[in-house]
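Engineer: Here you go, one structure.
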Amino acid sequence: MIQGTMSNAGKSLIAAGLCRIFRQDGYRVAPFKSQNMALNSFITDEGLEMGRAQVVQAEAAGVKPSVLMNPILLKPTTDVGSQVIINGKVSSNMTAREYYRHKKVLIPVVKEAYEKLASEYDIIVIEGAGSPAEVNLRDDDIVNMGMAELADAPVLLVGDIDRGGVFAQLYGTIALLEEHEQARIKGLIINKFRGDKTILDPGLDILKEKTDKDILGVVPYMDVVIDDEDSLSDQLRSGKYIRKMSGPQIYKETEGGNGNSLEDVLGDDNETMVSFPDIAVIRLPRISNFTDFTALSMEPEVSLRYVSNVRELGEPDVIIIPGTKSTIRDMEWLRATGLEAKLMQKHHAGTLIIGICGGYQMLGERIIDEKGAETGIGTETKGLGLLPVVTEFAEEKTRTRVTFELQGLGGSFETLNGKTVSGYEIHMGKTGDIAASNGLSVDALKNEQTETTEKEQDFGNCLFTCCDNVLGTYVHGFFDSDELRKAFLDIFYRKKGINPDKIEISERSYREFKEEQYDKLAAILRDSLDMEKIYSMIL
């Protein structure tokens, strides 16, 4: 079991890397996290919701994601409350205090899920949450030492040296545990190290002496592109480029060593300075499923950055409003920060604007929550008004996987027609049109790809809507399709007068890229950790 001294110490990534190593070594391995609190979630083939971190770990293990791997998911709705999802289905909304009182009832749920997994796999890599030293939460714990005891699992404790004070983190965590809990810790891991490890060695000797625990390794700060779990991710630092633009170095080597000239790459106007697609994602306060953009970040000639105010927005080629756990509150935030006015200005200037899930809802005329499904009180707010749709929140959540071919798109997005989209929906609202629009309903998609628009269907079935330079969709994973993503980026190259056929693009599919990253992660951990000692604990 992997536990940490704090949130974001790197537990999820180390668990994913161990899953990959065990798989490479021939074991059937599965991840498990009894209780996950995150806004990044995923829909399984069965239409059940689970945390993205366990999906990543399942991919690393080469197995199909299952809600058994994450039987309890908490999705924060306010600063003091969460939506509680049990075995992939919404149970209720609870305050933190209500959930704390209710937690004991969930022990059989956790036990059943774990035992089913354990009966099917050779190794289960369990991930804890936060820190086991949160002594105020020790009673009826189901995710840290309580889970370790339930599974009779050895514990590896991870500390984050990048934040400083790693020796105090590790020593203090152990000191605050009960004696029988301390005995479960079989080794310590220092994560996110930068610099000369020999300088650290004297401190490691002292730590081992004071804790009587083996130091299993020092893991470097890893440059791997793997989906992160939640809003603590380094990716979400405002203004941070996930992939920096590479400037004018756009020549692609061809067979025989001949590269493309600048004239080949540019269109007729070759005096224009070459720049590459700049994508700005609005960093909403309650952002969810920002993993939708990982596929874009792997493209070598794309910059992708997160912005949270007007100053950071700059002059992007496309603005994306991502998913959110609280559409109405984040719409009000857009208004209060001045970003709403700036988005309208960019829209009129022709900048492409895309909304996904909650972002799609914000692009419409109105957002209605009469029953308080999202806010807890009946309310309604004005949207950006860039798409002729209205969203009404419902008490039942939509959870489904979808695959369809885009059709009926016009304006800037016309070249995406005919491209296949595959992903999933997770949302409370239902969106329908209030005027003729380029949209398509779920029903139409299921009716032999007819040309019926969502206007002719029951309200609330519109999967996507397009109007001029604005596109909204409910589909998470929209950019994961290699063919669609290339067609999307070609829009910007052509607008800049660049021949997209001459641009260096990734030769790998997104799936291949992810597999490479998991292998890279495993290789780093093999070099950093004492795998012989780790194997001795579990076999």
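Chain labels A, B, ... are given in the sequence in which chains occur in the structure tokens; within each chain residues are numbered consecutively from 1, and ligands are likewise numbered from 1 in the order shown.
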Near Thr379 (chain A), counting only C-alpha atoms, which residues have an atom at most 7 Å away, once you skip same-chain residues fewer than 4 positions from it, shown as a PDB file with N, CA and C atoms, in the first residue's frame?

Structural biologist:
ATOM      1  N   ILE A 368     -30.516  26.958 -15.777  1.00  0.00           N
ATOM      2  CA  ILE A 368     -31.651  26.930 -14.852  1.00  0.00           C
ATOM      3  C   ILE A 368     -31.498  25.770 -13.875  1.00  0.00           C
ATOM      4  N   ASP A 369     -31.655  26.061 -12.593  1.00  0.00           N
ATOM      5  CA  ASP A 369     -31.566  25.034 -11.547  1.00  0.00           C
ATOM      6  C   ASP A 369     -32.742  25.210 -10.590  1.00  0.00           C
ATOM      7  N   GLU A 370     -33.928  24.966 -11.099  1.00  0.00           N
ATOM      8  CA  GLU A 370     -35.143  25.196 -10.313  1.00  0.00           C
ATOM      9  C   GLU A 370     -35.214  24.314  -9.074  1.00  0.00           C
ATOM     10  N   GLY A 372     -32.648  22.994  -7.460  1.00  0.00           N
ATOM     11  CA  GLY A 372     -31.467  23.052  -6.611  1.00  0.00           C
ATOM     12  C   GLY A 372     -30.568  21.842  -6.721  1.00  0.00           C
TER      13      GLY A 372
END

Engineer: Within 8 Å of region 382-389 of chain A, counting only C-alpha atoms, which residues qualify if same-chain residues fewer than 5 places away don't, as a ChimeraX atom specification?

Structural biologist: /A:331,340,344,361-367,431-437,465-467,470-472

Engineer: Name all residues at most 9 Å from Asp160 (chain A) (count only C-alpha atoms; drop same-chain ones fewer than 3 positions away) and give them as a PyMOL selection string.

Structural biologist: chain A and resi 4-6+8-10+163-166+169+189-193

Engineer: For Tyr510 (chain A), which of A:Val225, A:Ala522, A:Ile287, A:Leu117 is the closest residue, counting only C-alpha atoms?

Structural biologist: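 Checking each candidate against Tyr510 (chain A), we get A:Val225 as the closest.
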
Engineer: Could you jot down the CA of Gly146 (chain A) to CA of Ser34 (chain A) separation for me, Å, one decimal place?

Structural biologist: 10.4 Å
